[in-house]
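**Student:** This one is query_11.txt, compact mmCIF, C-alpha atoms.
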# COMPACT_ATOMS: atom_id res chain seq x y z
CA MET A 1484 -98.66 -48.77 146.97
CA ALA A 1485 -101.74 -47.92 144.90
CA CYS A 1486 -99.49 -46.70 142.08
CA CYS A 1487 -97.60 -50.00 142.11
CA ASP A 1488 -100.84 -51.99 141.90
CA CYS A 1489 -102.06 -49.81 139.02
CA LEU A 1490 -98.78 -50.24 137.15
CA ARG A 1491 -98.89 -54.02 137.73
CA LYS A 1492 -102.42 -54.20 136.30
CA ILE A 1493 -101.39 -52.22 133.22
CA LEU A 1494 -98.38 -54.48 132.64
CA ASN A 1495 -100.50 -57.60 133.09
CA PHE A 1496 -103.09 -56.26 130.65
CA CYS A 1497 -100.43 -55.41 128.06
CA PHE A 1498 -98.71 -58.77 128.46
CA LYS A 1499 -101.96 -60.74 128.22
CA TYR A 1500 -103.24 -59.04 125.07
CA SER A 1501 -99.87 -58.79 123.37
CA LEU A 1502 -99.61 -62.55 123.88
CA VAL A 1503 -103.08 -63.05 122.39
CA PHE A 1504 -102.29 -60.83 119.38
CA GLY A 1505 -98.94 -62.57 118.99
CA VAL A 1506 -100.58 -66.00 118.82
CA ILE A 1507 -103.13 -64.72 116.30
CA ALA A 1508 -100.38 -63.15 114.17
CA ILE A 1509 -98.36 -66.39 114.17
CA ALA A 1510 -101.47 -68.37 113.21
CA ILE A 1511 -102.18 -66.00 110.31
CA ILE A 1512 -98.58 -66.13 109.09
CA PHE A 1513 -98.13 -69.90 109.21
CA ALA A 1514 -101.65 -71.23 108.63
CA PRO A 1515 -102.34 -72.72 105.17
CA SER A 1516 -103.90 -70.18 102.81
CA ALA A 1517 -106.97 -70.91 100.73
CA ASN A 1518 -105.34 -68.76 98.06
CA TYR A 1519 -102.18 -70.55 96.92
CA LEU A 1520 -100.85 -67.25 95.56
CA LEU A 1521 -100.51 -65.98 99.11
CA ASP A 1522 -98.33 -68.84 100.34
CA ILE A 1523 -95.45 -66.42 100.14
CA GLU A 1524 -92.03 -66.31 101.77
CA PRO A 1525 -90.87 -62.70 101.53
CA ARG A 1526 -87.18 -62.01 101.94
CA PRO A 1527 -85.53 -59.07 103.68
CA LEU A 1528 -84.84 -56.49 101.01
CA THR A 1529 -82.80 -53.34 101.30
CA VAL A 1530 -82.95 -51.18 98.19
CA LEU A 1531 -80.50 -48.35 98.64
CA LEU A 1532 -81.67 -44.77 98.44
CA PRO A 1533 -79.16 -42.03 97.60
CA ASN A 1534 -77.65 -40.06 100.49
CA SER A 1535 -78.77 -36.83 98.83
CA LEU A 1536 -80.43 -35.47 95.70
CA ARG A 1537 -77.31 -33.49 94.81
CA GLN A 1538 -76.67 -35.21 91.47
CA PHE A 1539 -80.27 -34.53 90.46
CA GLU A 1540 -80.27 -30.96 91.77
CA SER A 1541 -77.35 -30.07 89.52
CA LYS A 1542 -79.48 -30.96 86.47
CA LYS A 1543 -82.76 -29.59 87.76
CA VAL A 1544 -84.79 -27.16 85.64
CA GLU A 1545 -87.96 -25.31 86.58
CA TRP A 1546 -91.02 -25.41 84.39
CA LYS A 1547 -92.29 -22.25 82.74
CA SER A 1548 -95.92 -23.23 83.01
CA PHE A 1549 -98.04 -26.02 84.43
CA GLU A 1550 -101.67 -26.85 83.82
CA ASN A 1551 -104.14 -29.70 83.86
CA ALA A 1552 -105.21 -30.87 80.41
CA ALA A 1553 -107.82 -33.58 79.75
CA SER A 1554 -109.64 -34.53 82.95
CA ILE A 1555 -109.55 -38.28 82.29
CA VAL A 1556 -109.39 -40.62 85.30
CA GLY A 1557 -106.04 -42.42 85.56
CA PRO A 1558 -104.52 -41.78 82.09
CA ASP A 1559 -101.50 -44.04 82.59
CA SER A 1560 -100.02 -44.14 79.07
CA ILE A 1561 -100.27 -41.61 76.23
CA ALA A 1562 -99.82 -42.42 72.52
CA TYR A 1563 -99.75 -39.98 69.62
CA ASP A 1564 -100.99 -40.45 66.05
CA PRO A 1565 -99.36 -37.74 63.88
CA LYS A 1566 -101.70 -38.42 60.95
CA ALA A 1567 -104.79 -37.71 63.02
CA ASN A 1568 -102.97 -35.23 65.26
CA ARG A 1569 -104.59 -36.83 68.28
CA LEU A 1570 -103.47 -38.33 71.54
CA VAL A 1571 -104.95 -41.57 72.86
CA THR A 1572 -104.93 -42.72 76.45
CA GLY A 1573 -106.58 -45.39 78.60
CA SER A 1574 -108.63 -44.69 81.69
CA ASP A 1575 -109.35 -46.36 85.01
CA ASP A 1576 -112.89 -46.99 83.71
CA GLY A 1577 -111.50 -49.39 81.08
CA TYR A 1578 -112.13 -47.15 78.06
CA LEU A 1579 -109.82 -45.54 75.55
CA TYR A 1580 -110.07 -41.77 75.01
CA SER A 1581 -108.90 -39.52 72.20
CA ILE A 1582 -107.62 -36.00 72.82
CA ASP A 1583 -107.45 -33.17 70.32
CA VAL A 1584 -103.84 -31.87 70.34
CA ASP A 1585 -104.94 -28.38 69.31
CA ASP A 1586 -107.44 -28.30 72.16
CA ASP A 1587 -106.18 -30.76 74.79
CA GLY A 1588 -109.03 -30.04 77.15
CA ASN A 1589 -111.32 -31.53 74.51
CA PHE A 1590 -111.48 -35.31 74.72
CA LYS A 1591 -113.77 -38.05 73.45
CA LYS A 1592 -114.67 -41.42 74.93
CA LEU A 1593 -113.93 -44.18 72.42
CA PHE A 1594 -114.47 -47.85 73.38
CA GLN A 1595 -113.41 -50.75 75.57
CA LEU A 1596 -111.09 -53.41 74.19
CA VAL A 1597 -112.22 -56.21 76.48
CA ASN A 1598 -115.57 -57.68 75.46
CA ASP A 1599 -118.05 -59.61 77.56
CA GLU A 1600 -116.86 -62.97 76.24
CA LEU A 1601 -113.34 -62.31 77.46
CA MET A 1602 -114.61 -61.07 80.81
CA ALA A 1603 -116.68 -64.23 81.20
CA ARG A 1604 -113.62 -66.40 80.61
CA PHE A 1605 -112.21 -65.08 83.90
CA GLN A 1606 -115.58 -65.19 85.72
CA TYR A 1607 -115.72 -61.37 85.67
CA LYS A 1608 -113.05 -61.27 88.39
CA ARG A 1609 -110.71 -59.18 86.25
CA ARG A 1610 -111.37 -55.69 85.02
CA PRO A 1611 -110.09 -53.88 81.93
CA ARG A 1612 -107.41 -51.25 82.49
CA PRO A 1613 -105.68 -50.05 79.27
CA SER A 1614 -102.02 -49.43 80.04
CA GLY A 1615 -99.08 -49.39 77.60
CA LEU A 1616 -100.17 -47.69 74.34
CA ARG A 1617 -98.15 -47.41 71.09
CA PHE A 1618 -98.93 -46.56 67.47
CA ASP A 1619 -96.98 -48.22 64.66
CA SER A 1620 -96.03 -46.47 61.39
CA LYS A 1621 -99.36 -47.38 59.79
CA GLY A 1622 -101.51 -45.92 62.53
CA ARG A 1623 -102.35 -49.23 64.20
CA LEU A 1624 -102.64 -48.90 67.96
CA PHE A 1625 -101.19 -51.52 70.31
CA VAL A 1626 -102.55 -51.60 73.86
CA CYS A 1627 -101.55 -53.76 76.78
CA GLU A 1628 -104.41 -54.89 79.01
CA PRO A 1629 -102.48 -56.24 82.04
CA MET A 1630 -105.11 -58.84 82.95
CA PHE A 1631 -106.05 -59.97 79.43
CA GLY A 1632 -103.28 -59.49 76.85
CA VAL A 1633 -102.08 -57.19 74.08
CA PHE A 1634 -104.59 -55.82 71.58
CA LYS A 1635 -104.10 -54.37 68.11
CA VAL A 1636 -106.62 -51.76 66.97
CA GLU A 1637 -107.10 -50.49 63.42
CA ASN A 1638 -109.31 -47.52 62.50
CA VAL A 1639 -109.08 -46.22 66.05
CA PHE A 1640 -110.89 -42.95 65.42
CA THR A 1641 -113.81 -44.38 63.45
CA ASP A 1642 -117.18 -45.76 64.52
CA LYS A 1643 -116.08 -49.26 63.51
CA PRO A 1644 -112.63 -49.97 64.94
CA LYS A 1645 -111.12 -53.37 64.22
CA ILE A 1646 -109.99 -54.90 67.50
CA GLU A 1647 -107.80 -58.01 67.66
CA LEU A 1648 -106.24 -59.78 70.63
CA VAL A 1649 -102.77 -60.48 69.22
CA PHE A 1650 -101.19 -61.79 72.42
CA ASP A 1651 -103.50 -63.70 74.74
CA ILE A 1652 -102.53 -63.65 78.39
CA GLU A 1653 -102.94 -67.42 78.54
CA LYS A 1654 -99.92 -67.80 76.26
CA THR A 1655 -97.83 -67.13 79.35
CA SER A 1656 -98.52 -66.49 83.00
CA LYS A 1657 -99.39 -62.84 83.58
CA LEU A 1658 -98.61 -59.64 81.77
CA GLY A 1659 -97.11 -56.44 83.04
CA PRO A 1660 -98.35 -52.94 82.31
CA THR A 1661 -96.16 -51.94 79.39
CA SER A 1662 -95.58 -53.30 75.91
CA VAL A 1663 -93.37 -52.18 73.05
CA ARG A 1664 -93.69 -53.40 69.49
CA GLN A 1665 -91.29 -53.61 66.59
CA GLU A 1666 -92.58 -53.95 63.03
CA LYS A 1667 -91.41 -56.70 60.68
CA PRO A 1668 -90.95 -56.19 56.92
CA SER A 1669 -93.65 -58.82 56.36
CA GLY A 1670 -96.19 -56.71 58.23
CA GLY A 1671 -96.17 -58.71 61.45
CA HIS A 1672 -94.87 -57.48 64.77
CA ILE A 1673 -92.41 -58.45 67.47
CA ILE A 1674 -93.94 -57.58 70.82
CA TYR A 1675 -91.83 -57.02 73.92
CA VAL A 1676 -93.74 -57.30 77.18
CA SER A 1677 -92.75 -56.68 80.78
CA ASP A 1678 -94.23 -59.52 82.83
CA VAL A 1679 -94.56 -58.23 86.40
CA SER A 1680 -94.74 -61.72 87.88
CA SER A 1681 -95.09 -65.31 86.73
CA LYS A 1682 -96.99 -66.02 89.97
CA PHE A 1683 -99.18 -63.01 90.74
CA SER A 1684 -101.77 -61.68 88.33
CA PHE A 1685 -101.96 -57.93 88.00
CA GLN A 1686 -104.83 -57.46 90.46
CA TYR A 1687 -102.44 -58.74 93.15
CA VAL A 1688 -99.76 -56.19 92.33
CA THR A 1689 -99.58 -54.89 95.93
CA ALA A 1690 -99.12 -58.42 97.24
CA ALA A 1691 -96.37 -58.96 94.66
CA ILE A 1692 -94.52 -55.90 95.95
CA LEU A 1693 -94.94 -56.74 99.65
CA SER A 1694 -93.79 -60.31 99.03
CA SER A 1695 -90.66 -58.96 97.26
CA ASP A 1696 -91.59 -61.22 94.38
CA SER A 1697 -88.71 -61.64 91.92
CA ASN A 1698 -90.49 -63.75 89.32
CA GLY A 1699 -90.71 -60.88 86.85
CA ARG A 1700 -89.59 -61.34 83.25
CA VAL A 1701 -89.27 -59.67 79.88
CA LEU A 1702 -90.95 -61.63 77.08
CA ARG A 1703 -90.63 -61.44 73.31
CA TYR A 1704 -93.51 -62.62 71.14
CA ASP A 1705 -93.69 -62.95 67.33
CA THR A 1706 -97.27 -62.38 66.16
CA GLU A 1707 -96.65 -64.35 62.93
CA THR A 1708 -94.90 -67.46 64.22
CA GLY A 1709 -96.33 -67.51 67.73
CA LYS A 1710 -92.83 -67.95 69.16
CA LEU A 1711 -92.44 -66.73 72.74
CA ASP A 1712 -88.99 -66.14 74.30
CA ILE A 1713 -87.87 -65.09 77.78
CA LEU A 1714 -85.19 -62.42 77.44
CA MET A 1715 -84.79 -61.47 81.12
CA SER A 1716 -85.91 -63.13 84.35
CA ASN A 1717 -85.64 -62.91 88.16
CA LEU A 1718 -86.80 -59.30 88.17
CA PHE A 1719 -88.63 -57.47 90.97
CA PHE A 1720 -91.53 -55.69 89.24
CA PRO A 1721 -90.24 -55.04 85.70
CA ASN A 1722 -92.23 -52.15 84.31
CA GLY A 1723 -91.54 -49.51 81.63
CA LEU A 1724 -89.90 -50.70 78.42
CA GLU A 1725 -88.68 -48.62 75.46
CA MET A 1726 -86.69 -49.49 72.35
CA LEU A 1727 -83.28 -47.94 71.77
CA PRO A 1728 -83.18 -45.41 68.90
CA ASP A 1729 -81.25 -47.87 66.70
CA ASN A 1730 -83.66 -50.75 67.59
CA ARG A 1731 -80.69 -52.84 68.70
CA GLY A 1732 -82.05 -53.28 72.21
CA PHE A 1733 -84.28 -51.73 74.82
CA LEU A 1734 -84.29 -50.03 78.20
CA LEU A 1735 -86.28 -51.48 81.10
CA THR A 1736 -87.25 -50.09 84.49
CA GLU A 1737 -87.20 -52.54 87.39
CA THR A 1738 -89.50 -50.66 89.72
CA GLY A 1739 -89.01 -52.86 92.79
CA ASN A 1740 -85.23 -52.39 92.80
CA ARG A 1741 -85.29 -48.76 91.55
CA THR A 1742 -83.06 -49.75 88.64
CA VAL A 1743 -82.89 -49.17 84.88
CA TRP A 1744 -81.51 -51.98 82.66
CA LYS A 1745 -80.12 -51.83 79.13
CA TYR A 1746 -80.60 -54.96 77.04
CA THR A 1747 -78.82 -55.37 73.69
CA PHE A 1748 -79.85 -57.94 71.10
CA ASP A 1749 -76.36 -58.48 69.63
CA ASP A 1750 -74.83 -59.98 72.77
CA ARG A 1751 -78.16 -60.96 74.41
CA GLU A 1752 -77.05 -59.39 77.65
CA ALA A 1753 -78.55 -56.95 80.12
CA ARG A 1754 -76.51 -54.54 82.20
CA VAL A 1755 -77.46 -52.06 84.89
CA LEU A 1756 -77.69 -48.59 83.40
CA MET A 1757 -78.90 -46.66 86.46
CA THR A 1758 -79.46 -47.82 90.03
CA ALA A 1759 -80.03 -46.49 93.57
CA LEU A 1760 -82.54 -44.09 92.08
CA PRO A 1761 -84.31 -41.74 94.54
CA ALA A 1762 -87.75 -43.11 93.65
CA GLU A 1763 -89.55 -45.97 91.90
CA PRO A 1764 -89.14 -45.62 88.10
CA ASP A 1765 -92.19 -46.22 85.94
CA ASN A 1766 -92.54 -45.80 82.18
CA ILE A 1767 -89.80 -44.72 79.76
CA ARG A 1768 -90.44 -42.83 76.52
CA LEU A 1769 -88.18 -41.55 73.76
CA SER A 1770 -87.93 -37.78 73.70
CA LEU A 1771 -89.10 -35.79 70.70
CA ASP A 1772 -85.67 -35.77 69.02
CA GLY A 1773 -85.38 -39.57 69.37
CA LYS A 1774 -81.95 -39.33 71.01
CA THR A 1775 -82.76 -39.18 74.72
CA PHE A 1776 -85.41 -40.65 77.02
CA TRP A 1777 -87.90 -39.31 79.54
CA MET A 1778 -88.62 -41.41 82.62
CA ALA A 1779 -91.27 -40.80 85.27
CA LEU A 1780 -90.60 -41.65 88.92
CA LEU A 1781 -92.73 -41.58 92.05
CA ARG A 1782 -91.89 -39.61 95.18
CA PRO A 1783 -88.17 -38.68 95.27
CA ARG A 1784 -86.52 -39.17 98.65
CA THR A 1785 -83.21 -39.94 100.40
CA ARG A 1786 -81.97 -42.31 103.10
CA ASN A 1787 -82.78 -39.67 105.70
CA ASP A 1788 -86.38 -39.31 104.49
CA PRO A 1789 -87.71 -42.82 103.72
CA LEU A 1790 -91.34 -43.85 103.31
CA LEU A 1791 -93.22 -46.50 105.26
CA ILE A 1792 -92.76 -48.98 102.40
CA ASP A 1793 -88.98 -48.54 102.67
CA HIS A 1794 -89.09 -49.60 106.32
CA LEU A 1795 -91.46 -52.50 105.62
CA MET A 1796 -89.08 -54.09 103.14
CA SER A 1797 -86.72 -54.93 106.02
CA PHE A 1798 -89.42 -56.92 107.87
CA PRO A 1799 -90.54 -59.89 105.73
CA MET A 1800 -92.72 -61.53 108.39
CA LEU A 1801 -94.63 -58.31 108.97
CA ARG A 1802 -95.25 -58.02 105.23
CA LYS A 1803 -96.42 -61.64 105.11
CA LEU A 1804 -98.76 -60.94 108.02
CA LEU A 1805 -100.26 -57.95 106.18
CA VAL A 1806 -100.81 -59.86 102.94
CA ARG A 1807 -102.39 -62.86 104.66
CA LEU A 1808 -104.51 -60.68 106.97
CA PHE A 1809 -106.01 -58.73 104.08
CA ASP A 1810 -106.69 -61.99 102.25
CA MET A 1811 -108.52 -63.40 105.27
CA ILE A 1812 -110.65 -60.25 105.61
CA GLY A 1813 -111.46 -60.43 101.89
CA THR A 1814 -112.48 -64.09 102.29
CA LEU A 1815 -114.72 -63.18 105.22
CA PHE A 1816 -116.50 -60.49 103.20
CA GLU A 1817 -116.97 -62.97 100.35
CA LEU A 1818 -118.63 -65.45 102.70
CA LEU A 1819 -120.91 -62.72 104.05
CA HIS A 1820 -121.78 -61.74 100.48
CA ARG A 1821 -122.82 -65.30 99.66
CA LEU A 1822 -125.07 -65.37 102.72
CA THR A 1823 -126.65 -61.95 102.21
CA THR A 1824 -126.10 -61.19 98.47
CA ILE A 1825 -125.25 -57.58 99.43
CA SER A 1826 -123.24 -56.27 96.49
CA LYS A 1827 -121.19 -53.90 98.68
CA LEU A 1828 -119.74 -56.89 100.51
CA GLN A 1829 -118.50 -58.38 97.25
CA CYS A 1830 -116.81 -55.09 96.43
CA LEU A 1831 -115.15 -55.04 99.86
CA SER A 1832 -114.06 -58.65 99.36
CA ARG A 1833 -112.24 -57.71 96.17
CA GLN A 1834 -110.74 -54.55 97.64
CA PHE A 1835 -109.35 -56.34 100.71
CA GLY A 1836 -108.32 -59.53 98.90
CA THR A 1837 -106.27 -57.61 96.34
CA MET A 1838 -105.21 -54.97 98.93
CA GLU A 1839 -106.71 -52.32 96.68
CA ILE A 1840 -108.32 -50.86 99.82
CA LEU A 1841 -104.93 -49.40 100.73
CA ASN A 1842 -105.30 -46.95 97.85
CA LYS A 1843 -108.30 -45.45 99.64
CA GLY A 1844 -106.20 -44.29 102.57
CA LYS A 1845 -103.48 -41.70 102.99
CA ASP A 1846 -101.45 -41.28 99.82
CA GLU A 1847 -97.86 -41.00 101.01
CA PHE A 1848 -96.57 -40.67 97.44
CA ALA A 1849 -98.67 -37.53 96.91
CA THR A 1850 -95.89 -35.19 98.07
CA GLY A 1851 -93.91 -34.96 94.88
CA GLY A 1852 -92.66 -36.67 91.76
CA MET A 1853 -89.71 -36.67 89.38
CA LEU A 1854 -89.08 -36.63 85.64
CA ILE A 1855 -85.60 -37.48 84.35
CA GLU A 1856 -84.24 -36.97 80.85
CA PHE A 1857 -81.21 -39.18 80.15
CA ASP A 1858 -79.32 -40.74 77.26
CA SER A 1859 -78.78 -44.40 76.34
CA ASN A 1860 -75.59 -44.45 78.44
CA GLY A 1861 -77.43 -43.43 81.58
CA GLN A 1862 -76.12 -39.87 81.57
CA ILE A 1863 -78.65 -37.50 83.15
CA ILE A 1864 -79.44 -34.53 80.91
CA ARG A 1865 -82.02 -32.72 83.04
CA THR A 1866 -84.47 -33.34 85.85
CA VAL A 1867 -87.81 -31.84 86.76
CA TYR A 1868 -89.01 -32.67 90.24
CA GLN A 1869 -90.92 -31.70 93.31
CA THR A 1870 -90.36 -33.16 96.78
CA GLU A 1871 -93.07 -31.31 98.67
CA GLY A 1872 -95.74 -28.67 98.40
CA ILE A 1873 -99.50 -28.45 98.74
CA GLU A 1874 -100.13 -28.47 94.99
CA ASN A 1875 -98.50 -31.85 94.30
CA ASN A 1876 -98.17 -31.08 90.60
CA LEU A 1877 -95.98 -34.11 89.83
CA ALA A 1878 -97.55 -36.61 92.24
CA TRP A 1879 -98.00 -40.08 90.78
CA ALA A 1880 -96.47 -39.24 87.40
CA THR A 1881 -96.14 -42.57 85.57
CA GLU A 1882 -95.32 -41.54 81.99
CA VAL A 1883 -93.95 -38.54 80.10
CA ARG A 1884 -94.88 -37.92 76.47
CA GLU A 1885 -92.99 -35.10 74.78
CA MET A 1886 -94.86 -33.28 72.01
CA GLN A 1887 -93.90 -30.56 69.56
CA SER A 1888 -94.56 -27.15 71.10
CA LYS A 1889 -95.98 -24.28 69.06
CA ASN A 1890 -93.20 -22.16 70.55
CA LEU A 1891 -89.87 -23.35 69.10
CA ASN A 1892 -88.06 -22.12 72.20
CA GLU A 1893 -90.05 -24.40 74.49
CA ARG A 1894 -90.45 -28.11 75.17
CA LEU A 1895 -93.91 -29.51 75.85
CA LEU A 1896 -94.44 -32.51 78.14
CA TYR A 1897 -97.68 -34.37 78.79
CA ILE A 1898 -97.73 -36.37 82.03
CA GLY A 1899 -99.86 -39.47 82.54
CA SER A 1900 -100.77 -41.19 85.80
CA PHE A 1901 -102.02 -44.68 86.64
CA ARG A 1902 -103.57 -43.35 89.83
CA PRO A 1903 -107.24 -42.26 89.74
CA GLY A 1904 -107.62 -38.65 90.77
CA TYR A 1905 -104.81 -37.34 88.59
CA PRO A 1906 -105.68 -36.04 85.10
CA ILE A 1907 -103.31 -35.57 82.20
CA ARG A 1908 -100.99 -32.73 83.14
CA LYS A 1909 -98.99 -30.48 80.84
CA ILE A 1910 -95.79 -28.56 81.53
CA THR A 1911 -93.55 -26.43 79.34
CA LEU A 1912 -89.78 -26.05 79.71
CA ASP A 1913 -87.27 -23.71 78.17
CA LYS A 1914 -85.45 -25.42 75.31
CA LYS A 1915 -81.79 -25.38 76.35
In structure tokens, how does this file's structure come out?

**Tutor:**
Amino acid sequence: MACCDCLRKILNFCFKYSLVFGVIAIAIIFAPSANYLLDIEPRPLTVLLPNSLRQFESKKVEWKSFENAASIVGPDSIAYDPKANRLVTGSDDGYLYSIDVDDDGNFKKLFQLVNDELMARFQYKRRPRPSGLRFDSKGRLFVCEPMFGVFKVENVFTDKPKIELVFDIEKTSKLGPTSVRQEKPSGGHIIYVSDVSSKFSFQYVTAAILSSDSNGRVLRYDTETGKLDILMSNLFFPNGLEMLPDNRGFLLTETGNRTVWKYTFDDREARVLMTALPAEPDNIRLSLDGKTFWMALLRPRTRNDPLLIDHLMSFPMLRKLLVRLFDMIGTLFELLHRLTTISKLQCLSRQFGTMEILNKGKDEFATGGMLIEFDSNGQIIRTVYQTEGIENNLAWATEVREMQSKNLNERLLYIGSFRPGYPIRKITLDKK
């Protein structure tokens, strides 16, 4: 009898508090949000994972050597200037860095692109984070700042660089992390930009993913005429973008749908080149010979080994609850900051409001990564990947830059990462 009473009390307790938590959850989900961006209606989304990694295993090669190069924090994109024989990358601290190719452990802090005037325009709520980097034939560097625009820099390696904002973010909604430029005979440039979302700014990138936001686009901007065109739309997190070798189109990674698109200018059409990839694709870069491409992907996995995010995509109301809950916590910290002026509270407000705080926890992507070399028809040439292991050499690889190796029988790859905590890494492969 005592056992029955105890069980009844436990059931009553569980029912009472599950009801309370249920009411609170419903209130959070359906209550009006002070942040209009978070009035979201996520949809159930099932992005297929492959049944196995067999097709990638058949092309897999092992690296001959692996080492960490420049210990720069979050070197997402890597550009190379052959005239100066230097690499340039952007860091999580908002600065550009140059790297000596002959001594890639030797790096130099350069400068920030975003000045105080531009920061003030957005009430200092956005922070600089150099992302897509490209040099043109005349040594001018183009850099995408996802929260501000696209910059052109001349005299990069001097004490007096000339910095120009050639594509202001206010010309459109918000910019994505990668830009590709094409020179015009007149000296101007056509800039192609992946626009992650026309609703969410880049600091809300996690919310954009959890809301299965499909407002992403690819934009084309002429720096001379100021003309802005939308080439592709209705995309779920468009990301890496690279021109085809003949400049008659480009390849685009749609990270949210684990898909690679091929867009051709002649017919103005996009077709799926690769899909059902085993991980989220990030940046694409031409290989050294200019005939194939290297693409970096996050943690490779199969249907039998999904991540938490894969399960979450099937539960839109749970994702909405998470986004709204973090926003409410961020708002609470902001109110406490106004009352106490404690700077730590303002930091917590930003971290919760943008869901950046999730990056402080367990890193479930830190168990592997994948690099794929493929041609413009989507044919896989070779793969380099790691699914597990304590060293996590390829974790959070976001870009691959192939460089000329001193050994003609080897291929040299530099690996960038958007994630703080991962430096530039370098691997060598047999040339086959």

**Student:** List as a count of residues only the protein and nucleic acid residues near A:Tyr1746, meaning an atom at most 8 Å away when all atoms listed in the file are counted, but skip any in the same chain fewer than 2 places from it.

**Tutor:** 10

**Student:** May I have the protein, DNA and RNA residues with any atom at most 9 Å from the point (-105.3, -28.6, 75.2), counting only C-alpha atoms, written as a list of chain:residue names?

**Tutor:**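 Looking at atoms near the point gives A:Asn1551, A:Ala1552, A:Ala1553, A:Ile1582, A:Asp1583, A:Val1584, A:Asp1585, A:Asp1586, A:Asp1587, A:Gly1588, A:Asn1589, A:Lys1909.
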
**Student:** Figure out the distance between atom CA of A:Leu1771 and atom CA of A:Val1883, please, to one decimal in Å.

**Tutor:** 10.9 Å

**Student:** May I ask which of the residues A:Asn1722, A:Ser1535, A:Asn1598, A:Gln1686 is the closest one to A:Arg1833, counting all atoms listed in the file?

**Tutor:** A:Gln1686

**Student:** So how many Å separate atom CA of A:Gln1887 and atom CA of A:Ala1567, to one decimal?

**Tutor:**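 Distance between the two atoms: 14.6 Å.
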
**Student:** Between A:Pro1629, A:Gly1622, A:Gly1739, A:Gly1577, which one has atoms that come closest to A:Leu1528, using only C-alpha atoms?

**Tutor:**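 Smallest separation from A:Leu1528 among the options: A:Gly1739.
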
**Student:** Quote the spacing between atom CA of A:Ile1898 and atom CA of A:Asp1913 in Å to one decimal place.

**Tutor:**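 Going from atom CA of A:Ile1898 over to atom CA of A:Asp1913, I get 16.9 Å.
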
**Student:** Tell me which protein, DNA and RNA residues are within 12 Å of A:Met1630, counting only C-alpha atoms, leaving out same-chain ones fewer than 2 positions away, and put them as JSON, numbers by chain.

**Tutor:** {"A": [1577, 1596, 1597, 1601, 1602, 1604, 1605, 1607, 1608, 1609, 1610, 1611, 1612, 1613, 1614, 1626, 1627, 1628, 1632, 1633, 1634, 1650, 1651, 1652, 1653, 1655, 1656, 1657, 1658, 1659, 1660, 1661, 1678, 1679, 1680, 1683, 1684, 1685, 1686, 1687, 1688]}

**Student:** Is there a way to get, as a PDB file with C-alpha atoms, keeping the file's coordinate frame, all residues within 6 Å of the point (-91.2, -44.6, 85.3) in file coordinates, counting only C-alpha atoms?

**Tutor:**
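Output contents, as saved in selection.pdb:
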ATOM      1  CA  PRO A1764     -89.140 -45.620  88.100  1.00  0.00           C
ATOM      2  CA  ASP A1765     -92.190 -46.220  85.940  1.00  0.00           C
ATOM      3  CA  ASN A1766     -92.540 -45.800  82.180  1.00  0.00           C
ATOM      4  CA  ILE A1767     -89.800 -44.720  79.760  1.00  0.00           C
ATOM      5  CA  MET A1778     -88.620 -41.410  82.620  1.00  0.00           C
ATOM      6  CA  ALA A1779     -91.270 -40.800  85.270  1.00  0.00           C
ATOM      7  CA  LEU A1780     -90.600 -41.650  88.920  1.00  0.00           C
ATOM      8  CA  THR A1881     -96.140 -42.570  85.570  1.00  0.00           C
TER       9      THR A1881
END

**Student:** Can you work out which one of A:Ile1855, A:Val1636, A:Ile1907, A:Leu1831 has the shortest atom-to-atom distance to A:Ser1574, counting all atoms listed in the file?

**Tutor:**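 Counting all atoms listed in the file, the residue closest to A:Ser1574 is A:Ile1907.
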
**Student:** Taking N, CA and C atoms as the atom set, what does stretch 1712-1719 of chain A look like once completed, written as a short mmCIF file (atom, residue, chain, number, x, y, z; two decimals), keeping the file's coordinate frame?

**Tutor:**
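Output (result07.cif):
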data_model
loop_
_atom_site.label_atom_id
_atom_site.label_comp_id
_atom_site.auth_asym_id
_atom_site.auth_seq_id
_atom_site.Cartn_x
_atom_site.Cartn_y
_atom_site.Cartn_z
N ASP A 1712 -90.31 -65.99 73.66
CA ASP A 1712 -88.99 -66.14 74.30
C ASP A 1712 -88.95 -65.35 75.60
N ILE A 1713 -88.15 -65.82 76.54
CA ILE A 1713 -87.87 -65.09 77.78
C ILE A 1713 -86.50 -64.45 77.63
N LEU A 1714 -86.45 -63.13 77.63
CA LEU A 1714 -85.19 -62.42 77.44
C LEU A 1714 -84.52 -62.09 78.77
N MET A 1715 -85.32 -61.77 79.80
CA MET A 1715 -84.79 -61.47 81.12
C MET A 1715 -85.69 -62.12 82.16
N SER A 1716 -85.12 -62.49 83.30
CA SER A 1716 -85.91 -63.13 84.35
C SER A 1716 -85.37 -62.71 85.72
N ASN A 1717 -86.02 -63.21 86.77
CA ASN A 1717 -85.64 -62.91 88.16
C ASN A 1717 -85.65 -61.42 88.45
N LEU A 1718 -86.69 -60.75 87.99
CA LEU A 1718 -86.80 -59.30 88.17
C LEU A 1718 -87.89 -58.98 89.19
N PHE A 1719 -87.67 -57.92 89.96
CA PHE A 1719 -88.63 -57.47 90.97
C PHE A 1719 -89.43 -56.31 90.39
#
